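Text of the file coords31.cif, holding mmCIF, C-alpha atoms:
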```
data_target
loop_
_atom_site.group_PDB
_atom_site.id
_atom_site.type_symbol
_atom_site.label_atom_id
_atom_site.label_comp_id
_atom_site.auth_asym_id
_atom_site.auth_seq_id
_atom_site.Cartn_x
_atom_site.Cartn_y
_atom_site.Cartn_z
ATOM 1 C CA ASP A 1 10.035 -17.542 2.587
ATOM 2 C CA ALA A 2 7.008 -16.947 4.777
ATOM 3 C CA GLY A 3 6.587 -13.370 3.612
ATOM 4 C CA VAL A 4 6.073 -10.385 5.876
ATOM 5 C CA ILE A 5 4.654 -11.540 9.194
ATOM 6 C CA GLN A 6 2.546 -9.261 11.362
ATOM 7 C CA SER A 7 1.142 -9.882 14.789
ATOM 8 C CA PRO A 8 -1.402 -9.800 16.156
ATOM 9 C CA ARG A 9 -3.921 -10.149 13.301
ATOM 10 C CA HIS A 10 -6.637 -8.556 15.394
ATOM 11 C CA GLU A 11 -6.409 -6.327 18.440
ATOM 12 C CA VAL A 12 -9.257 -4.904 20.460
ATOM 13 C CA THR A 13 -8.288 -2.549 23.237
ATOM 14 C CA GLU A 14 -9.808 0.092 25.438
ATOM 15 C CA MET A 15 -9.177 3.744 24.925
ATOM 16 C CA GLY A 16 -6.107 4.907 26.815
ATOM 17 C CA GLN A 17 -4.316 1.581 26.672
ATOM 18 C CA GLU A 18 -0.969 1.016 25.011
ATOM 19 C CA VAL A 19 -0.971 -1.007 21.818
ATOM 20 C CA THR A 20 2.080 -2.609 20.198
ATOM 21 C CA LEU A 21 1.990 -3.977 16.661
ATOM 22 C CA ARG A 22 4.795 -6.224 15.469
ATOM 23 C CA CYS A 23 6.350 -6.952 12.117
ATOM 24 C CA LYS A 24 8.929 -9.378 10.780
ATOM 25 C CA PRO A 25 10.075 -8.330 7.292
ATOM 26 C CA ILE A 26 11.237 -10.656 4.547
ATOM 27 C CA SER A 27 14.810 -11.728 5.113
ATOM 28 C CA GLY A 28 17.245 -9.710 2.985
ATOM 29 C CA HIS A 29 14.937 -6.759 2.501
ATOM 30 C CA ASN A 30 16.508 -3.493 3.584
ATOM 31 C CA SER A 31 13.442 -1.242 3.676
ATOM 32 C CA LEU A 32 10.453 -1.478 5.966
ATOM 33 C CA PHE A 33 7.257 0.534 5.861
ATOM 34 C CA TRP A 34 4.295 0.949 8.186
ATOM 35 C CA TYR A 35 1.026 1.897 6.507
ATOM 36 C CA ARG A 36 -2.430 2.562 7.889
ATOM 37 C CA GLN A 37 -5.575 1.905 5.912
ATOM 38 C CA THR A 38 -8.809 3.721 6.632
ATOM 39 C CA MET A 39 -11.963 4.220 4.602
ATOM 40 C CA MET A 40 -11.400 7.963 4.451
ATOM 41 C CA ARG A 41 -7.693 8.092 3.583
ATOM 42 C CA GLY A 42 -6.918 4.803 1.925
ATOM 43 C CA LEU A 43 -3.329 3.600 2.468
ATOM 44 C CA GLU A 44 -1.250 6.170 4.341
ATOM 45 C CA LEU A 45 2.490 5.801 4.842
ATOM 46 C CA LEU A 46 3.254 6.310 8.519
ATOM 47 C CA ILE A 47 7.000 5.683 8.638
ATOM 48 C CA TYR A 48 9.752 4.274 6.468
ATOM 49 C CA PHE A 49 12.984 2.596 7.634
ATOM 50 C CA ASN A 50 16.016 1.926 5.479
ATOM 51 C CA ASN A 51 18.708 -0.357 6.900
ATOM 52 C CA ASN A 52 16.951 -0.107 10.288
ATOM 53 C CA VAL A 53 17.163 3.688 10.348
ATOM 54 C CA PRO A 54 13.991 5.804 10.249
ATOM 55 C CA ILE A 55 14.164 7.859 7.062
ATOM 56 C CA ASP A 56 10.787 9.523 6.913
ATOM 57 C CA ASP A 57 8.305 9.639 9.792
ATOM 58 C CA SER A 58 6.328 12.609 8.527
ATOM 59 C CA GLY A 59 3.264 10.415 8.201
ATOM 60 C CA MET A 60 3.123 9.548 11.887
ATOM 61 C CA PRO A 61 -0.081 11.264 13.025
ATOM 62 C CA GLU A 62 1.094 12.538 16.407
ATOM 63 C CA ASP A 63 3.373 11.899 19.353
ATOM 64 C CA ARG A 64 1.218 9.059 20.559
ATOM 65 C CA PHE A 65 2.658 6.986 17.712
ATOM 66 C CA SER A 66 6.196 5.650 17.768
ATOM 67 C CA ALA A 67 8.032 3.032 15.724
ATOM 68 C CA LYS A 68 11.276 1.193 16.239
ATOM 69 C CA MET A 69 13.411 -1.186 14.249
ATOM 70 C CA PRO A 70 16.037 -2.597 16.604
ATOM 71 C CA ASN A 71 17.367 -5.011 13.980
ATOM 72 C CA ALA A 72 16.830 -6.074 10.394
ATOM 73 C CA SER A 73 14.285 -8.721 11.295
ATOM 74 C CA PHE A 74 11.901 -6.924 13.622
ATOM 75 C CA SER A 75 9.937 -3.707 13.921
ATOM 76 C CA THR A 76 7.250 -2.395 16.238
ATOM 77 C CA LEU A 77 4.637 0.305 15.966
ATOM 78 C CA LYS A 78 3.387 1.544 19.326
ATOM 79 C CA ILE A 79 0.393 3.706 20.112
ATOM 80 C CA GLN A 80 0.226 5.150 23.603
ATOM 81 C CA PRO A 81 -2.364 6.092 24.672
ATOM 82 C CA SER A 82 -4.698 4.662 22.069
ATOM 83 C CA GLU A 83 -7.852 6.476 20.968
ATOM 84 C CA PRO A 84 -10.952 5.292 19.071
ATOM 85 C CA ARG A 85 -9.869 7.247 15.984
ATOM 86 C CA ASP A 86 -6.788 5.029 15.771
ATOM 87 C CA SER A 87 -9.038 2.137 14.761
ATOM 88 C CA ALA A 88 -7.831 0.958 11.352
ATOM 89 C CA VAL A 89 -5.908 -1.794 9.630
ATOM 90 C CA TYR A 90 -2.162 -1.348 10.010
ATOM 91 C CA PHE A 91 0.093 -2.903 7.384
ATOM 92 C CA CYS A 92 3.786 -3.555 7.469
ATOM 93 C CA ALA A 93 5.650 -3.954 4.182
ATOM 94 C CA SER A 94 9.241 -4.657 3.256
ATOM 95 C CA SER A 95 11.218 -4.223 0.066
ATOM 96 C CA TYR A 96 14.681 -4.519 -1.415
ATOM 97 C CA LEU A 97 14.641 -2.301 -4.489
ATOM 98 C CA TYR A 98 11.321 -1.778 -6.197
ATOM 99 C CA GLY A 99 7.850 -2.139 -4.827
ATOM 100 C CA ALA A 100 6.954 -3.703 -1.533
ATOM 101 C CA PHE A 101 5.602 -6.920 -0.111
ATOM 102 C CA PHE A 102 2.884 -6.550 2.452
ATOM 103 C CA GLY A 103 1.937 -8.480 5.532
ATOM 104 C CA GLN A 104 -1.662 -9.437 6.165
ATOM 105 C CA GLY A 105 -2.213 -6.500 8.467
ATOM 106 C CA THR A 106 -3.344 -5.943 12.023
ATOM 107 C CA ARG A 107 -6.938 -4.857 12.459
ATOM 108 C CA LEU A 108 -6.974 -2.543 15.474
ATOM 109 C CA THR A 109 -10.184 -1.607 17.212
ATOM 110 C CA VAL A 110 -10.040 0.884 20.056
ATOM 111 C CA VAL A 111 -13.262 1.037 22.059
ATOM 112 C CA ASP B 1 -1.868 16.949 -0.742
ATOM 113 C CA GLN B 2 -2.587 13.719 -2.583
ATOM 114 C CA GLN B 3 0.274 13.012 -4.950
ATOM 115 C CA VAL B 4 -1.361 9.874 -6.359
ATOM 116 C CA LYS B 5 -5.064 10.034 -7.112
ATOM 117 C CA GLN B 6 -7.593 7.420 -8.035
ATOM 118 C CA ASN B 7 -10.739 9.409 -8.682
ATOM 119 C CA SER B 8 -13.106 6.466 -9.101
ATOM 120 C CA PRO B 9 -13.794 4.751 -5.774
ATOM 121 C CA SER B 10 -15.664 1.946 -7.493
ATOM 122 C CA LEU B 11 -16.141 0.286 -10.870
ATOM 123 C CA SER B 12 -18.494 -2.476 -11.994
ATOM 124 C CA VAL B 13 -17.846 -4.498 -15.139
ATOM 125 C CA GLN B 14 -19.490 -7.489 -16.744
ATOM 126 C CA GLU B 15 -17.503 -10.718 -16.846
ATOM 127 C CA GLY B 16 -15.554 -11.033 -20.086
ATOM 128 C CA ARG B 17 -15.464 -7.295 -20.739
ATOM 129 C CA ILE B 18 -12.546 -4.927 -20.251
ATOM 130 C CA SER B 19 -11.896 -3.238 -16.911
ATOM 131 C CA ILE B 20 -10.030 0.066 -17.019
ATOM 132 C CA LEU B 21 -8.744 1.541 -13.781
ATOM 133 C CA ASN B 22 -7.244 5.006 -13.837
ATOM 134 C CA CYS B 23 -4.643 6.807 -11.787
ATOM 135 C CA ASP B 24 -3.219 10.332 -11.900
ATOM 136 C CA TYR B 25 -0.131 11.680 -10.202
ATOM 137 C CA THR B 26 1.264 15.127 -9.566
ATOM 138 C CA ASN B 27 4.882 14.555 -8.554
ATOM 139 C CA SER B 28 7.165 14.643 -11.595
ATOM 140 C CA MET B 29 9.867 12.909 -9.532
ATOM 141 C CA PHE B 30 7.965 9.631 -9.660
ATOM 142 C CA ASP B 31 9.741 7.260 -12.026
ATOM 143 C CA TYR B 32 8.276 3.851 -11.255
ATOM 144 C CA PHE B 33 4.649 2.897 -10.929
ATOM 145 C CA LEU B 34 2.929 -0.168 -9.549
ATOM 146 C CA TRP B 35 -0.508 -1.642 -9.230
ATOM 147 C CA TYR B 36 -1.512 -3.665 -6.207
ATOM 148 C CA LYS B 37 -4.603 -5.785 -5.700
ATOM 149 C CA LYS B 38 -6.191 -6.218 -2.298
ATOM 150 C CA TYR B 39 -8.769 -8.739 -1.159
ATOM 151 C CA PRO B 40 -10.658 -8.237 2.116
ATOM 152 C CA ALA B 41 -8.702 -9.257 5.232
ATOM 153 C CA GLU B 42 -5.482 -9.588 3.252
ATOM 154 C CA GLY B 43 -2.542 -7.305 2.581
ATOM 155 C CA PRO B 44 -2.088 -5.720 -0.852
ATOM 156 C CA THR B 45 -0.296 -7.943 -3.344
ATOM 157 C CA PHE B 46 1.815 -6.737 -6.222
ATOM 158 C CA LEU B 47 0.193 -7.054 -9.636
ATOM 159 C CA ILE B 48 2.173 -5.255 -12.327
ATOM 160 C CA SER B 49 4.577 -2.344 -12.654
ATOM 161 C CA ILE B 50 6.013 0.044 -15.219
ATOM 162 C CA SER B 51 9.108 2.163 -15.399
ATOM 163 C CA SER B 52 8.877 5.748 -16.607
ATOM 164 C CA ILE B 53 11.068 4.882 -19.593
ATOM 165 C CA LYS B 54 8.242 2.756 -20.985
ATOM 166 C CA ASP B 55 4.682 3.541 -21.959
ATOM 167 C CA LYS B 56 3.244 0.034 -21.786
ATOM 168 C CA ASN B 57 3.816 -3.179 -19.888
ATOM 169 C CA GLU B 58 1.805 -6.334 -20.397
ATOM 170 C CA ASP B 59 1.464 -9.460 -18.269
ATOM 171 C CA GLY B 60 -1.212 -11.889 -19.350
ATOM 172 C CA ARG B 61 -4.622 -10.306 -18.951
ATOM 173 C CA PHE B 62 -3.131 -7.219 -17.297
ATOM 174 C CA THR B 63 -1.662 -4.238 -19.151
ATOM 175 C CA VAL B 64 -0.492 -0.987 -17.641
ATOM 176 C CA PHE B 65 -0.227 2.145 -19.772
ATOM 177 C CA LEU B 66 1.748 5.223 -18.785
ATOM 178 C CA ASN B 67 1.275 8.695 -20.250
ATOM 179 C CA LYS B 68 4.046 10.774 -18.730
ATOM 180 C CA SER B 69 3.026 14.057 -20.318
ATOM 181 C CA ALA B 70 -0.445 13.714 -18.805
ATOM 182 C CA LYS B 71 0.890 12.196 -15.570
ATOM 183 C CA HIS B 72 -1.644 9.439 -15.999
ATOM 184 C CA LEU B 73 -1.551 5.683 -15.890
ATOM 185 C CA SER B 74 -4.178 3.052 -16.350
ATOM 186 C CA LEU B 75 -4.600 -0.652 -15.732
ATOM 187 C CA HIS B 76 -6.506 -2.718 -18.275
ATOM 188 C CA ILE B 77 -7.833 -6.157 -17.431
ATOM 189 C CA VAL B 78 -9.019 -8.186 -20.408
ATOM 190 C CA PRO B 79 -11.080 -10.285 -20.130
ATOM 191 C CA SER B 80 -12.349 -9.483 -16.652
ATOM 192 C CA GLN B 81 -13.164 -12.402 -14.381
ATOM 193 C CA PRO B 82 -15.204 -12.548 -11.152
ATOM 194 C CA GLY B 83 -12.009 -13.425 -9.257
ATOM 195 C CA ASP B 84 -10.624 -10.037 -10.254
ATOM 196 C CA SER B 85 -13.097 -8.369 -7.893
ATOM 197 C CA ALA B 86 -10.910 -6.568 -5.369
ATOM 198 C CA VAL B 87 -9.605 -3.140 -4.442
ATOM 199 C CA TYR B 88 -6.882 -1.955 -6.815
ATOM 200 C CA PHE B 89 -4.279 0.508 -5.594
ATOM 201 C CA CYS B 90 -2.038 2.549 -7.809
ATOM 202 C CA ALA B 91 1.363 3.363 -6.270
ATOM 203 C CA ALA B 92 4.386 5.410 -7.271
ATOM 204 C CA LEU B 93 8.072 5.518 -6.392
ATOM 205 C CA PRO B 94 10.266 8.609 -6.659
ATOM 206 C CA ALA B 95 13.661 8.587 -8.310
ATOM 207 C CA GLY B 96 16.616 8.612 -5.971
ATOM 208 C CA SER B 97 17.314 6.878 -2.703
ATOM 209 C CA ALA B 98 14.011 7.555 -0.938
ATOM 210 C CA ARG B 99 12.110 4.553 -2.205
ATOM 211 C CA GLN B 100 8.911 4.822 -0.203
ATOM 212 C CA LEU B 101 5.718 4.012 -2.063
ATOM 213 C CA THR B 102 2.956 6.579 -2.277
ATOM 214 C CA PHE B 103 -0.462 5.009 -2.778
ATOM 215 C CA GLY B 104 -3.689 6.193 -4.287
ATOM 216 C CA SER B 105 -6.916 5.737 -2.350
ATOM 217 C CA GLY B 106 -7.930 2.632 -4.288
ATOM 218 C CA THR B 107 -10.713 1.582 -6.650
ATOM 219 C CA GLN B 108 -13.111 -1.228 -5.778
ATOM 220 C CA LEU B 109 -13.586 -3.357 -8.890
ATOM 221 C CA THR B 110 -16.590 -5.636 -9.038
ATOM 222 C CA VAL B 111 -16.801 -8.088 -11.928
ATOM 223 C CA LEU B 112 -20.353 -9.289 -12.377
ATOM 224 C CA PRO B 113 -20.938 -12.863 -13.586
#
```

Written as structure tokens, how would this file's structure read?
Amino acid sequence: DAGVIQSPRHEVTEMGQEVTLRCKPISGHNSLFWYRQTMMRGLELLIYFNNNVPIDDSGMPEDRFSAKMPNASFSTLKIQPSEPRDSAVYFCASSYLYGAFFGQGTRLTVV
Amino acid sequence: DQQVKQNSPSLSVQEGRISILNCDYTNSMFDYFLWYKKYPAEGPTFLISISSIKDKNEDGRFTVFLNKSAKHLSLHIVPSQPGDSAVYFCAALPAGSARQLTFGSGTQLTVLP
């Protein structure tokens, strides 16, 4: 298994632009998580899907952020419009029962 | 409100000595705890875990201790090696169906040769 696959690895965009981050979870895993890592806050849970259904999105910072999971093998995290304070590393993780396996992350820079 | 806290942002240890990383939690619903290791430019990788029914779990050089009454867990690395230098995250899972991980803020471990 290739593990959790995220794309792109790096994204540089201008303020105000739409950004879409993509994630392919490990096959057979029924939970998917989006995390954001910053120096100030460490790893923050943004949203959690179980069986493709959003269970907890209380960590999504504001309406500019949205996430979808149209099927068991794909999820997106969209930021529209993006702002410089959104610059961070965004991780996707998937799990079946305990713990989680992480992708390599997308480093987002909004200038 | 941080439910999982790692109060030491950094720790330096000499090669061959013991590294002790600490973690405190506040939510009594947590029943499973994990440690992740993260190298720069990579995602966190699972290291070791412990269920709340145990107070110790050992895997090679890594041992995790859980003190439920104090809501405290620690990760011991013996002996420490330079390749252990990374950020270590403590994470916790609540009992029940909501299995989302809550992470601490991480501790940067540096093992000096």

Residues returned when the PyMOL selection byres ((chain B and resi 44) around 9) runs on this file, as a list in words: Phe91, Phe101, Phe102, Gly103 and Gln104 of chain A; Tyr36, Lys37, Lys38, Tyr39, Glu42, Gly43, Thr45, Phe46, Val87, Tyr88 and Phe89 of chain B

With C-alpha atoms retained, could you export that selection as a compact mmCIF listing (two decimals), in the coordinates of the input?
```
# COMPACT_ATOMS: atom_id res chain seq x y z
CA PHE A 91 0.09 -2.90 7.38
CA PHE A 101 5.60 -6.92 -0.11
CA PHE A 102 2.88 -6.55 2.45
CA GLY A 103 1.94 -8.48 5.53
CA GLN A 104 -1.66 -9.44 6.16
CA TYR B 36 -1.51 -3.66 -6.21
CA LYS B 37 -4.60 -5.78 -5.70
CA LYS B 38 -6.19 -6.22 -2.30
CA TYR B 39 -8.77 -8.74 -1.16
CA GLU B 42 -5.48 -9.59 3.25
CA GLY B 43 -2.54 -7.30 2.58
CA THR B 45 -0.30 -7.94 -3.34
CA PHE B 46 1.82 -6.74 -6.22
CA VAL B 87 -9.60 -3.14 -4.44
CA TYR B 88 -6.88 -1.96 -6.82
CA PHE B 89 -4.28 0.51 -5.59
```

Expanded to explicit residues, what is the PyMOL selection byres ((chain B) within 12 of (chain A)) for this file, as a PDB file with C-alpha atoms, in the coordinates of the input?
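Here's the written file out38.pdb:
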```
ATOM      1  CA  ASP B   1      -1.868  16.949  -0.742  1.00  0.00           C
ATOM      2  CA  GLN B   2      -2.587  13.719  -2.583  1.00  0.00           C
ATOM      3  CA  GLN B   3       0.274  13.012  -4.950  1.00  0.00           C
ATOM      4  CA  VAL B   4      -1.361   9.874  -6.359  1.00  0.00           C
ATOM      5  CA  LYS B   5      -5.064  10.034  -7.112  1.00  0.00           C
ATOM      6  CA  GLN B   6      -7.593   7.420  -8.035  1.00  0.00           C
ATOM      7  CA  PRO B   9     -13.794   4.751  -5.774  1.00  0.00           C
ATOM      8  CA  ASP B  31       9.741   7.260 -12.026  1.00  0.00           C
ATOM      9  CA  TYR B  32       8.276   3.851 -11.255  1.00  0.00           C
ATOM     10  CA  PHE B  33       4.649   2.897 -10.929  1.00  0.00           C
ATOM     11  CA  LEU B  34       2.929  -0.168  -9.549  1.00  0.00           C
ATOM     12  CA  TRP B  35      -0.508  -1.642  -9.230  1.00  0.00           C
ATOM     13  CA  TYR B  36      -1.512  -3.665  -6.207  1.00  0.00           C
ATOM     14  CA  LYS B  37      -4.603  -5.785  -5.700  1.00  0.00           C
ATOM     15  CA  LYS B  38      -6.191  -6.218  -2.298  1.00  0.00           C
ATOM     16  CA  TYR B  39      -8.769  -8.739  -1.159  1.00  0.00           C
ATOM     17  CA  PRO B  40     -10.658  -8.237   2.116  1.00  0.00           C
ATOM     18  CA  ALA B  41      -8.702  -9.257   5.232  1.00  0.00           C
ATOM     19  CA  GLU B  42      -5.482  -9.588   3.252  1.00  0.00           C
ATOM     20  CA  GLY B  43      -2.542  -7.305   2.581  1.00  0.00           C
ATOM     21  CA  PRO B  44      -2.088  -5.720  -0.852  1.00  0.00           C
ATOM     22  CA  THR B  45      -0.296  -7.943  -3.344  1.00  0.00           C
ATOM     23  CA  PHE B  46       1.815  -6.737  -6.222  1.00  0.00           C
ATOM     24  CA  LEU B  47       0.193  -7.054  -9.636  1.00  0.00           C
ATOM     25  CA  ILE B  48       2.173  -5.255 -12.327  1.00  0.00           C
ATOM     26  CA  SER B  49       4.577  -2.344 -12.654  1.00  0.00           C
ATOM     27  CA  ILE B  50       6.013   0.044 -15.219  1.00  0.00           C
ATOM     28  CA  SER B  51       9.108   2.163 -15.399  1.00  0.00           C
ATOM     29  CA  VAL B  87      -9.605  -3.140  -4.442  1.00  0.00           C
ATOM     30  CA  TYR B  88      -6.882  -1.955  -6.815  1.00  0.00           C
ATOM     31  CA  PHE B  89      -4.279   0.508  -5.594  1.00  0.00           C
ATOM     32  CA  CYS B  90      -2.038   2.549  -7.809  1.00  0.00           C
ATOM     33  CA  ALA B  91       1.363   3.363  -6.270  1.00  0.00           C
ATOM     34  CA  ALA B  92       4.386   5.410  -7.271  1.00  0.00           C
ATOM     35  CA  LEU B  93       8.072   5.518  -6.392  1.00  0.00           C
ATOM     36  CA  PRO B  94      10.266   8.609  -6.659  1.00  0.00           C
ATOM     37  CA  ALA B  95      13.661   8.587  -8.310  1.00  0.00           C
ATOM     38  CA  GLY B  96      16.616   8.612  -5.971  1.00  0.00           C
ATOM     39  CA  SER B  97      17.314   6.878  -2.703  1.00  0.00           C
ATOM     40  CA  ALA B  98      14.011   7.555  -0.938  1.00  0.00           C
ATOM     41  CA  ARG B  99      12.110   4.553  -2.205  1.00  0.00           C
ATOM     42  CA  GLN B 100       8.911   4.822  -0.203  1.00  0.00           C
ATOM     43  CA  LEU B 101       5.718   4.012  -2.063  1.00  0.00           C
ATOM     44  CA  THR B 102       2.956   6.579  -2.277  1.00  0.00           C
ATOM     45  CA  PHE B 103      -0.462   5.009  -2.778  1.00  0.00           C
ATOM     46  CA  GLY B 104      -3.689   6.193  -4.287  1.00  0.00           C
ATOM     47  CA  SER B 105      -6.916   5.737  -2.350  1.00  0.00           C
ATOM     48  CA  GLY B 106      -7.930   2.632  -4.288  1.00  0.00           C
ATOM     49  CA  THR B 107     -10.713   1.582  -6.650  1.00  0.00           C
ATOM     50  CA  GLN B 108     -13.111  -1.228  -5.778  1.00  0.00           C
TER      51      GLN B 108
END
```

Polymer residues at most 12 Å from Ala72 of chain A, all atoms listed in the file, same-chain spacing of 6 or more positions, as an NGL selection string: :A and (23-32 or 49-53 or 94-95)

If we count only C-alpha atoms and set the cut-off at 8 Å, which residues sit around segment 78-81 of chain B, ignoring sequence neighbours fewer than 3 positions away in its own chain? Please answer as a PDB file with C-alpha atoms, keeping the file's coordinate frame.
```pdb
ATOM      1  CA  VAL B  13     -17.846  -4.498 -15.139  1.00  0.00           C
ATOM      2  CA  GLN B  14     -19.490  -7.489 -16.744  1.00  0.00           C
ATOM      3  CA  GLU B  15     -17.503 -10.718 -16.846  1.00  0.00           C
ATOM      4  CA  GLY B  16     -15.554 -11.033 -20.086  1.00  0.00           C
ATOM      5  CA  ARG B  17     -15.464  -7.295 -20.739  1.00  0.00           C
ATOM      6  CA  ILE B  18     -12.546  -4.927 -20.251  1.00  0.00           C
ATOM      7  CA  SER B  19     -11.896  -3.238 -16.911  1.00  0.00           C
ATOM      8  CA  ARG B  61      -4.622 -10.306 -18.951  1.00  0.00           C
ATOM      9  CA  PHE B  62      -3.131  -7.219 -17.297  1.00  0.00           C
ATOM     10  CA  ASP B  84     -10.624 -10.037 -10.254  1.00  0.00           C
ATOM     11  CA  SER B  85     -13.097  -8.369  -7.893  1.00  0.00           C
ATOM     12  CA  VAL B 111     -16.801  -8.088 -11.928  1.00  0.00           C
ATOM     13  CA  PRO B 113     -20.938 -12.863 -13.586  1.00  0.00           C
TER      14      PRO B 113
END
```

Straight-line distance linking atom CA of Cys23 of chain B with atom CA of Leu46 of chain A, stated in Å to one decimal: 21.8 Å

Please enclose the listed atoms of segment 61-79 of chain B in an axis-aligned box, pad each side by 4 Å, and write out the centre and the three edge lengths in Å, rounded to one decimal, as lines of an AutoDock Vina configuration file.
```
center_x = -3.5
center_y = 1.9
center_z = -18.0
size_x = 23.1
size_y = 32.4
size_z = 12.8
```

Atomic separation - atom CA of Leu77 of chain A relative to atom CA of Thr20 of chain A, Å: 5.7 Å

Residue IDs satisfying the PyMOL selection byres ((chain A and resi 62) around 12), as an MDAnalysis selection string: chainID A and resid 46:47 57:61 63:67 78:83 86
